[in-house]
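Have a look at protein-v1.pdb below; it lists PDB, C-alpha atoms and all ligand atoms.
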ATOM      1  CA  MET A 252     -16.427  11.585-202.812  1.00  0.00           C
ATOM      2  CA  LYS A 253     -15.949  11.406-199.106  1.00  0.00           C
ATOM      3  CA  ARG A 254     -15.950   7.610-199.169  1.00  0.00           C
ATOM      4  CA  LEU A 255     -13.311   7.420-201.851  1.00  0.00           C
ATOM      5  CA  TRP A 256     -11.082   9.677-199.880  1.00  0.00           C
ATOM      6  CA  LEU A 257     -11.175   7.474-196.932  1.00  0.00           C
ATOM      7  CA  VAL A 258     -10.130   4.511-199.032  1.00  0.00           C
ATOM      8  CA  ALA A 259      -7.264   6.454-200.435  1.00  0.00           C
ATOM      9  CA  VAL A 260      -5.989   7.409-197.002  1.00  0.00           C
ATOM     10  CA  GLY A 261      -6.212   3.788-195.969  1.00  0.00           C
ATOM     11  CA  MET A 262      -4.119   2.640-198.858  1.00  0.00           C
ATOM     12  CA  SER A 263      -1.448   5.222-198.317  1.00  0.00           C
ATOM     13  CA  MET A 264      -1.095   4.231-194.674  1.00  0.00           C
ATOM     14  CA  LEU A 265      -0.609   0.645-195.666  1.00  0.00           C
ATOM     15  CA  LEU A 266       2.097   1.628-198.062  1.00  0.00           C
ATOM     16  CA  PHE A 267       3.758   3.749-195.463  1.00  0.00           C
ATOM     17  CA  VAL A 268       3.856   0.989-192.883  1.00  0.00           C
ATOM     18  CA  GLY A 269       5.107  -1.405-195.532  1.00  0.00           C
ATOM     19  CA  GLY A 270       7.887   0.984-196.272  1.00  0.00           C
ATOM     20  CA  ILE A 271       9.405   1.057-192.811  1.00  0.00           C
ATOM     21  CA  LYS A 272       9.243  -2.733-192.412  1.00  0.00           C
ATOM     22  CA  VAL A 273      12.126  -3.225-194.745  1.00  0.00           C
ATOM     23  CA  GLY A 274      15.320  -3.937-192.885  1.00  0.00           C
ATOM     24  CA  VAL A 275      13.811  -3.377-189.439  1.00  0.00           C
ATOM     25  CA  SER A 276      13.269  -6.140-186.939  1.00  0.00           C
ATOM     26  CA  TYR A 277       9.755  -6.867-185.671  1.00  0.00           C
ATOM     27  CA  PHE A 278       8.502  -7.278-182.253  1.00  0.00           C
ATOM     28  CA  THR A 279       7.701 -10.926-181.865  1.00  0.00           C
ATOM     29  CA  ASP A 280       5.787 -12.920-179.395  1.00  0.00           C
ATOM     30  CA  VAL A 281       5.365 -16.594-178.728  1.00  0.00           C
ATOM     31  CA  ALA A 282       2.858 -18.153-176.422  1.00  0.00           C
ATOM     32  CA  THR A 283       4.014 -21.365-174.800  1.00  0.00           C
ATOM     33  CA  SER A 284       2.364 -24.033-172.766  1.00  0.00           C
ATOM     34  CA  THR A 285       4.665 -26.037-170.583  1.00  0.00           C
ATOM     35  CA  GLY A 286       4.186 -28.214-167.577  1.00  0.00           C
ATOM     36  CA  ASN A 287       1.356 -30.175-169.145  1.00  0.00           C
ATOM     37  CA  GLU A 288       0.942 -33.709-167.976  1.00  0.00           C
ATOM     38  CA  ILE A 289      -1.422 -36.582-167.816  1.00  0.00           C
ATOM     39  CA  SER A 290      -1.585 -38.420-164.574  1.00  0.00           C
ATOM     40  CA  THR A 291      -3.847 -40.498-162.419  1.00  0.00           C
ATOM     41  CA  GLY A 292      -5.389 -38.953-159.339  1.00  0.00           C
ATOM     42  CA  GLU A 293      -5.080 -40.243-155.847  1.00  0.00           C
ATOM     43  CA  PHE A 294      -7.483 -42.710-154.366  1.00  0.00           C
ATOM     44  CA  ASP A 295      -7.296 -42.127-150.682  1.00  0.00           C
ATOM     45  CA  ILE A 296      -9.407 -42.446-147.585  1.00  0.00           C
ATOM     46  CA  GLY A 297      -8.618 -41.337-144.075  1.00  0.00           C
ATOM     47  CA  ILE A 298     -10.071 -42.005-140.654  1.00  0.00           C
ATOM     48  CA  SER A 299     -10.749 -39.615-137.829  1.00  0.00           C
ATOM     49  CA  ARG A 300     -12.205 -39.814-134.380  1.00  0.00           C
ATOM     50  CA  ASP A 301     -13.969 -36.461-134.498  1.00  0.00           C
ATOM     51  CA  GLY A 302     -14.022 -35.470-138.176  1.00  0.00           C
ATOM     52  CA  SER A 303     -11.393 -32.737-137.848  1.00  0.00           C
ATOM     53  CA  ARG A 304      -8.063 -34.331-138.816  1.00  0.00           C
ATOM     54  CA  TYR A 305      -7.845 -37.504-140.857  1.00  0.00           C
ATOM     55  CA  TYR A 306      -5.172 -40.166-140.738  1.00  0.00           C
ATOM     56  CA  ASP A 307      -4.152 -43.312-142.585  1.00  0.00           C
ATOM     57  CA  ASP A 308      -3.539 -45.116-139.339  1.00  0.00           C
ATOM     58  CA  TYR A 309      -4.982 -43.958-136.063  1.00  0.00           C
ATOM     59  CA  ARG A 310      -6.000 -45.541-132.784  1.00  0.00           C
ATOM     60  CA  LEU A 311      -9.687 -44.905-132.385  1.00  0.00           C
ATOM     61  CA  PHE A 312     -10.439 -46.428-129.021  1.00  0.00           C
ATOM     62  CA  GLU A 313      -9.110 -48.088-125.909  1.00  0.00           C
ATOM     63  CA  PHE A 314     -11.517 -49.375-123.301  1.00  0.00           C
ATOM     64  CA  SER A 315     -10.037 -50.821-120.179  1.00  0.00           C
ATOM     65  CA  ASN A 316     -11.405 -52.535-117.090  1.00  0.00           C
ATOM     66  CA  LEU A 317     -14.762 -53.333-118.662  1.00  0.00           C
ATOM     67  CA  LYS A 318     -17.273 -54.984-116.362  1.00  0.00           C
ATOM     68  CA  PRO A 319     -19.868 -57.542-117.464  1.00  0.00           C
ATOM     69  CA  GLY A 320     -22.882 -55.638-118.794  1.00  0.00           C
ATOM     70  CA  GLU A 321     -20.887 -52.489-119.507  1.00  0.00           C
ATOM     71  CA  GLU A 322     -21.352 -50.898-122.904  1.00  0.00           C
ATOM     72  CA  LYS A 323     -19.037 -48.653-124.930  1.00  0.00           C
ATOM     73  CA  THR A 324     -19.421 -46.928-128.261  1.00  0.00           C
ATOM     74  CA  ILE A 325     -16.770 -46.568-130.926  1.00  0.00           C
ATOM     75  CA  SER A 326     -17.414 -43.655-133.241  1.00  0.00           C
ATOM     76  CA  PHE A 327     -15.300 -42.549-136.158  1.00  0.00           C
ATOM     77  CA  TYR A 328     -15.378 -40.889-139.531  1.00  0.00           C
ATOM     78  CA  ILE A 329     -14.127 -42.151-142.862  1.00  0.00           C
ATOM     79  CA  LYS A 330     -13.431 -39.514-145.465  1.00  0.00           C
ATOM     80  CA  ASN A 331     -12.860 -39.684-149.170  1.00  0.00           C
ATOM     81  CA  ARG A 332      -9.855 -37.408-149.425  1.00  0.00           C
ATOM     82  CA  GLY A 333      -8.824 -38.484-152.900  1.00  0.00           C
ATOM     83  CA  ASP A 334      -9.666 -37.313-156.379  1.00  0.00           C
ATOM     84  CA  TYR A 335     -12.389 -39.818-157.303  1.00  0.00           C
ATOM     85  CA  PRO A 336     -15.733 -40.829-155.874  1.00  0.00           C
ATOM     86  CA  VAL A 337     -15.735 -43.927-153.670  1.00  0.00           C
ATOM     87  CA  SER A 338     -18.378 -46.525-154.513  1.00  0.00           C
ATOM     88  CA  ARG A 339     -17.960 -48.892-151.573  1.00  0.00           C
ATOM     89  CA  ILE A 340     -16.416 -48.871-148.134  1.00  0.00           C
ATOM     90  CA  SER A 341     -15.997 -52.059-146.185  1.00  0.00           C
ATOM     91  CA  MET A 342     -14.337 -52.984-142.950  1.00  0.00           C
ATOM     92  CA  THR A 343     -13.005 -55.981-141.103  1.00  0.00           C
ATOM     93  CA  PHE A 344     -12.220 -56.514-137.453  1.00  0.00           C
ATOM     94  CA  ASN A 345      -8.930 -58.327-136.980  1.00  0.00           C
ATOM     95  CA  ILE A 346      -8.921 -59.550-133.425  1.00  0.00           C
ATOM     96  CA  THR A 347      -6.194 -61.056-131.330  1.00  0.00           C
ATOM     97  CA  ASP A 348      -7.236 -62.389-127.949  1.00  0.00           C
ATOM     98  CA  ALA A 349      -4.659 -62.625-125.226  1.00  0.00           C
ATOM     99  CA  GLU A 350      -4.358 -63.076-121.515  1.00  0.00           C
ATOM    100  CA  LYS A 351      -3.042 -59.966-119.839  1.00  0.00           C
ATOM    101  CA  GLY A 352      -0.220 -61.278-117.713  1.00  0.00           C
ATOM    102  CA  GLU A 353      -0.869 -64.135-115.300  1.00  0.00           C
ATOM    103  CA  LEU A 354      -4.369 -65.549-114.956  1.00  0.00           C
ATOM    104  CA  SER A 355      -6.161 -64.025-112.016  1.00  0.00           C
ATOM    105  CA  GLY A 356      -6.973 -66.342-109.095  1.00  0.00           C
ATOM    106  CA  ALA A 357     -10.654 -66.709-109.999  1.00  0.00           C
ATOM    107  CA  GLU A 358      -9.805 -66.966-113.684  1.00  0.00           C
ATOM    108  CA  ALA A 359      -7.281 -69.760-113.184  1.00  0.00           C
ATOM    109  CA  LEU A 360     -10.051 -71.953-111.771  1.00  0.00           C
ATOM    110  CA  VAL A 361     -12.065 -71.830-115.018  1.00  0.00           C
ATOM    111  CA  ASP A 362      -9.585 -70.913-117.753  1.00  0.00           C
ATOM    112  CA  ASN A 363      -7.454 -73.758-119.015  1.00  0.00           C
ATOM    113  CA  THR A 364      -6.044 -71.846-122.000  1.00  0.00           C
ATOM    114  CA  PRO A 365      -3.371 -69.608-120.466  1.00  0.00           C
ATOM    115  CA  ASP A 366      -2.072 -68.595-123.905  1.00  0.00           C
ATOM    116  CA  THR A 367      -5.347 -67.453-125.450  1.00  0.00           C
ATOM    117  CA  GLY A 368      -7.826 -64.908-124.223  1.00  0.00           C
ATOM    118  CA  GLU A 369     -11.579 -65.297-124.184  1.00  0.00           C
ATOM    119  CA  LEU A 370     -12.708 -61.705-124.286  1.00  0.00           C
ATOM    120  CA  SER A 371     -13.848 -61.263-127.897  1.00  0.00           C
ATOM    121  CA  ARG A 372     -16.263 -64.188-127.544  1.00  0.00           C
ATOM    122  CA  ASN A 373     -18.005 -62.204-124.851  1.00  0.00           C
ATOM    123  CA  ILE A 374     -18.156 -58.816-126.524  1.00  0.00           C
ATOM    124  CA  VAL A 375     -21.448 -58.349-128.310  1.00  0.00           C
ATOM    125  CA  ILE A 376     -22.356 -55.686-130.838  1.00  0.00           C
ATOM    126  CA  THR A 377     -25.485 -53.910-129.620  1.00  0.00           C
ATOM    127  CA  SER A 378     -25.726 -51.212-132.282  1.00  0.00           C
ATOM    128  CA  PHE A 379     -24.015 -50.633-135.624  1.00  0.00           C
ATOM    129  CA  GLU A 380     -24.856 -47.496-137.585  1.00  0.00           C
ATOM    130  CA  VAL A 381     -23.463 -45.583-140.520  1.00  0.00           C
ATOM    131  CA  LYS A 382     -24.445 -41.969-141.159  1.00  0.00           C
ATOM    132  CA  HIS A 383     -24.066 -40.277-144.499  1.00  0.00           C
ATOM    133  CA  ASN A 384     -25.663 -37.041-145.682  1.00  0.00           C
ATOM    134  CA  GLY A 385     -27.924 -36.927-142.647  1.00  0.00           C
ATOM    135  CA  GLN A 386     -29.227 -40.457-143.252  1.00  0.00           C
ATOM    136  CA  THR A 387     -28.582 -43.237-140.781  1.00  0.00           C
ATOM    137  CA  THR A 388     -28.306 -46.850-141.915  1.00  0.00           C
ATOM    138  CA  SER A 389     -28.423 -49.558-139.273  1.00  0.00           C
ATOM    139  CA  LEU A 390     -26.372 -52.681-140.052  1.00  0.00           C
ATOM    140  CA  ASP A 391     -28.747 -55.012-138.254  1.00  0.00           C
ATOM    141  CA  ASP A 392     -27.147 -58.189-139.628  1.00  0.00           C
ATOM    142  CA  TYR A 393     -24.264 -57.673-137.231  1.00  0.00           C
ATOM    143  CA  VAL A 394     -26.180 -56.618-134.149  1.00  0.00           C
ATOM    144  CA  GLY A 395     -26.193 -59.407-131.570  1.00  0.00           C
ATOM    145  CA  LYS A 396     -23.013 -60.954-132.968  1.00  0.00           C
ATOM    146  CA  THR A 397     -19.847 -61.230-130.918  1.00  0.00           C
ATOM    147  CA  LEU A 398     -16.567 -59.742-132.074  1.00  0.00           C
ATOM    148  CA  ALA A 399     -15.167 -63.272-132.262  1.00  0.00           C
ATOM    149  CA  GLU A 400     -17.936 -64.263-134.669  1.00  0.00           C
ATOM    150  CA  LEU A 401     -17.190 -61.282-136.892  1.00  0.00           C
ATOM    151  CA  ASN A 402     -13.423 -61.662-136.812  1.00  0.00           C
ATOM    152  CA  ASN A 403     -12.122 -61.176-140.379  1.00  0.00           C
ATOM    153  CA  THR A 404     -15.622 -60.850-141.819  1.00  0.00           C
ATOM    154  CA  LYS A 405     -15.855 -58.211-144.492  1.00  0.00           C
ATOM    155  CA  ILE A 406     -18.604 -55.809-143.504  1.00  0.00           C
ATOM    156  CA  THR A 407     -19.956 -53.363-146.070  1.00  0.00           C
ATOM    157  CA  LEU A 408     -20.320 -49.973-144.418  1.00  0.00           C
ATOM    158  CA  PHE A 409     -21.327 -47.935-147.436  1.00  0.00           C
ATOM    159  CA  SER A 410     -22.202 -48.428-151.054  1.00  0.00           C
ATOM    160  CA  GLY A 411     -23.270 -45.737-153.466  1.00  0.00           C
ATOM    161  CA  LYS A 412     -21.291 -42.645-154.283  1.00  0.00           C
ATOM    162  CA  LEU A 413     -19.161 -40.975-151.659  1.00  0.00           C
ATOM    163  CA  LYS A 414     -17.966 -37.810-153.326  1.00  0.00           C
ATOM    164  CA  GLU A 415     -14.491 -36.350-153.024  1.00  0.00           C
ATOM    165  CA  GLY A 416     -14.211 -34.561-149.702  1.00  0.00           C
ATOM    166  CA  SER A 417     -17.266 -36.264-148.166  1.00  0.00           C
ATOM    167  CA  SER A 418     -17.310 -38.535-145.181  1.00  0.00           C
ATOM    168  CA  VAL A 419     -19.394 -41.136-143.408  1.00  0.00           C
ATOM    169  CA  GLN A 420     -19.691 -41.566-139.664  1.00  0.00           C
ATOM    170  CA  VAL A 421     -19.619 -45.044-138.185  1.00  0.00           C
ATOM    171  CA  SER A 422     -20.884 -45.813-134.676  1.00  0.00           C
ATOM    172  CA  ILE A 423     -20.545 -49.258-133.141  1.00  0.00           C
ATOM    173  CA  SER A 424     -21.709 -50.021-129.629  1.00  0.00           C
ATOM    174  CA  LEU A 425     -20.152 -52.984-127.867  1.00  0.00           C
ATOM    175  CA  LYS A 426     -21.135 -54.643-124.642  1.00  0.00           C
ATOM    176  CA  LEU A 427     -19.283 -57.076-122.446  1.00  0.00           C
ATOM    177  CA  SER A 428     -21.931 -59.734-122.043  1.00  0.00           C
ATOM    178  CA  GLU A 429     -23.635 -60.004-118.659  1.00  0.00           C
ATOM    179  CA  ASN A 430     -22.907 -63.731-118.961  1.00  0.00           C
ATOM    180  CA  ALA A 431     -19.159 -63.224-119.289  1.00  0.00           C
ATOM    181  CA  GLY A 432     -17.512 -65.540-116.823  1.00  0.00           C
ATOM    182  CA  ASN A 433     -14.324 -65.371-114.817  1.00  0.00           C
ATOM    183  CA  GLU A 434     -12.424 -66.868-117.747  1.00  0.00           C
ATOM    184  CA  CYS A 435     -12.242 -63.396-119.283  1.00  0.00           C
ATOM    185  CA  GLN A 436     -11.026 -61.491-116.242  1.00  0.00           C
ATOM    186  CA  THR A 437      -7.910 -59.491-117.083  1.00  0.00           C
ATOM    187  CA  ASP A 438      -8.116 -60.597-120.736  1.00  0.00           C
ATOM    188  CA  ILE A 439      -7.297 -58.277-123.563  1.00  0.00           C
ATOM    189  CA  SER A 440      -8.592 -58.115-127.120  1.00  0.00           C
ATOM    190  CA  LYS A 441      -6.458 -56.259-129.583  1.00  0.00           C
ATOM    191  CA  ILE A 442      -8.654 -55.048-132.369  1.00  0.00           C
ATOM    192  CA  ALA A 443      -7.441 -53.735-135.682  1.00  0.00           C
ATOM    193  CA  LEU A 444     -10.016 -52.190-137.960  1.00  0.00           C
ATOM    194  CA  LYS A 445      -9.115 -52.438-141.601  1.00  0.00           C
ATOM    195  CA  ILE A 446     -11.101 -50.192-143.840  1.00  0.00           C
ATOM    196  CA  TYR A 447     -11.222 -50.737-147.570  1.00  0.00           C
ATOM    197  CA  ALA A 448     -12.474 -48.342-150.200  1.00  0.00           C
ATOM    198  CA  GLU A 449     -13.259 -49.193-153.810  1.00  0.00           C
ATOM    199  CA  GLN A 450     -13.409 -46.788-156.681  1.00  0.00           C
TER     200      GLN A 450
HETATM  201 CA    CA B   1      -7.624 -68.329-121.683  1.00  0.00          CA
HETATM  202 CA    CA B   2      -8.803 -65.579-119.802  1.00  0.00          CA
END
Starting from the file, give its structure as structure tokens.
Amino acid sequence: MKRLWLVAVGMSMLLFVGGIKVGVSYFTDVATSTGNEISTGEFDIGISRDGSRYYDDYRLFEFSNLKPGEEKTISFYIKNRGDYPVSRISMTFNITDAEKGELSGAEALVDNTPDTGELSRNIVITSFEVKHNGQTTSLDDYVGKTLAELNNTKITLFSGKLKEGSSVQVSISLKLSENAGNECQTDISKIALKIYAEQ
């Protein structure tokens, strides 16, 4: 009996609600979804001297008044700041050798090319390392080479998977050869590093 009663109450409520629907507006609701889009992400790397701020174009080093036998280290970071993993990073040195002003007195005696510098032929790579995830890889193929020999050579710095937001650190030590002669006094090498990343 009790069960039947409950059913009866249920039915009467339905009828009642049905009754007041007639001629009365309903509350309505619509869910929308706007602003959808399909796009490609950005493929972007940046360079930094210390790993804090990254740039597309940044001067990483300037060494002046090098003496024969003197060594300097270039160190920089390359970061994947895009939306995809990077599978390969490579780099080239683009070198322009020039004389800085007039030939010096001692230089003029041995340098018969007043329009071209000799410095990059005398700058030797003594160490070339790439660090990623705490692992250091030494690029021994390039150690012992001069910058002139490597001019415009594509050097692979990293291959594998550099995740979004991760970086590698590159350290290159350069030495002005002890055998550098007076022909490279007051010479200047302008060095552009071009860094390429592949998806
Ligand atoms: Ca010269
Ligand atoms: Ca010179």
Proximity of chain A to ligand CA 1 (chain B): per-residue shortest pair, 9 Å limit, all atoms listed in the file, as JSON lines:
{"residue": "A:Asp348", "atom": "CA", "partner": "B:CA1", "partner_atom": "CA", "distance": 8.6}
{"residue": "A:Ala349", "atom": "CA", "partner": "B:CA1", "partner_atom": "CA", "distance": 7.3}
{"residue": "A:Glu350", "atom": "CA", "partner": "B:CA1", "partner_atom": "CA", "distance": 6.2}
{"residue": "A:Leu354", "atom": "CA", "partner": "B:CA1", "partner_atom": "CA", "distance": 8.0}
{"residue": "A:Glu358", "atom": "CA", "partner": "B:CA1", "partner_atom": "CA", "distance": 8.4}
{"residue": "A:Ala359", "atom": "CA", "partner": "B:CA1", "partner_atom": "CA", "distance": 8.6}
{"residue": "A:Val361", "atom": "CA", "partner": "B:CA1", "partner_atom": "CA", "distance": 8.7}
{"residue": "A:Asp362", "atom": "CA", "partner": "B:CA1", "partner_atom": "CA", "distance": 5.1}
{"residue": "A:Asn363", "atom": "CA", "partner": "B:CA1", "partner_atom": "CA", "distance": 6.1}
{"residue": "A:Thr364", "atom": "CA", "partner": "B:CA1", "partner_atom": "CA", "distance": 3.9}
{"residue": "A:Pro365", "atom": "CA", "partner": "B:CA1", "partner_atom": "CA", "distance": 4.6}
{"residue": "A:Asp366", "atom": "CA", "partner": "B:CA1", "partner_atom": "CA", "distance": 6.0}
{"residue": "A:Thr367", "atom": "CA", "partner": "B:CA1", "partner_atom": "CA", "distance": 4.5}
{"residue": "A:Gly368", "atom": "CA", "partner": "B:CA1", "partner_atom": "CA", "distance": 4.3}
{"residue": "A:Glu369", "atom": "CA", "partner": "B:CA1", "partner_atom": "CA", "distance": 5.6}
{"residue": "A:Leu370", "atom": "CA", "partner": "B:CA1", "partner_atom": "CA", "distance": 8.7}
{"residue": "A:Glu434", "atom": "CA", "partner": "B:CA1", "partner_atom": "CA", "distance": 6.4}
{"residue": "A:Cys435", "atom": "CA", "partner": "B:CA1", "partner_atom": "CA", "distance": 7.2}
{"residue": "A:Asp438", "atom": "CA", "partner": "B:CA1", "partner_atom": "CA", "distance": 7.8}
Selected residue, from A:Val375, A:Gln450, A:Ser440, A:Ser410, that lies nearest to ligand CA 2 (chain B) when counting all atoms listed in the file: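 Ranking A:Val375, A:Gln450, A:Ser440, A:Ser410 by distance to ligand CA 2 (chain B), first place goes to A:Ser440.
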Spatial neighbours of Glu400 (chain A), 10 Å, only C-alpha atoms, chain gap at least 2 places, as a compact mmCIF listing (two decimals) with C-alpha atoms, in the coordinates of the input:
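Contents of selection_28.txt, freshly written:
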# COMPACT_ATOMS: atom_id res chain seq x y z
CA SER A 371 -13.85 -61.26 -127.90
CA ARG A 372 -16.26 -64.19 -127.54
CA ILE A 374 -18.16 -58.82 -126.52
CA VAL A 375 -21.45 -58.35 -128.31
CA TYR A 393 -24.26 -57.67 -137.23
CA LYS A 396 -23.01 -60.95 -132.97
CA THR A 397 -19.85 -61.23 -130.92
CA LEU A 398 -16.57 -59.74 -132.07
CA ASN A 402 -13.42 -61.66 -136.81
CA ASN A 403 -12.12 -61.18 -140.38
CA THR A 404 -15.62 -60.85 -141.82
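Going from CA of Gly320 (chain A) to CA of Ser422 (chain A) covers 18.8 Å.
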Residue with smallest distance to ligand CA 2 (chain B) - pool A:Ile346, A:Ala431, A:Val394, A:Ala443, counting only C-alpha atoms and all ligand atoms: A:Ala431
Å distance separating CA of Pro336 (chain A) from CA of Ser299 (chain A), one decimal place: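 According to the coordinates, CA of Pro336 (chain A) and CA of Ser299 (chain A) are separated by 18.8 Å.
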For ligand CA 2 (chain B), the nearest of the candidates A:Leu413, A:Leu311, A:Ala357, A:Ile376, counting only C-alpha atoms and all ligand atoms: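 Under the stated criterion, the closest residue is A:Ala357.
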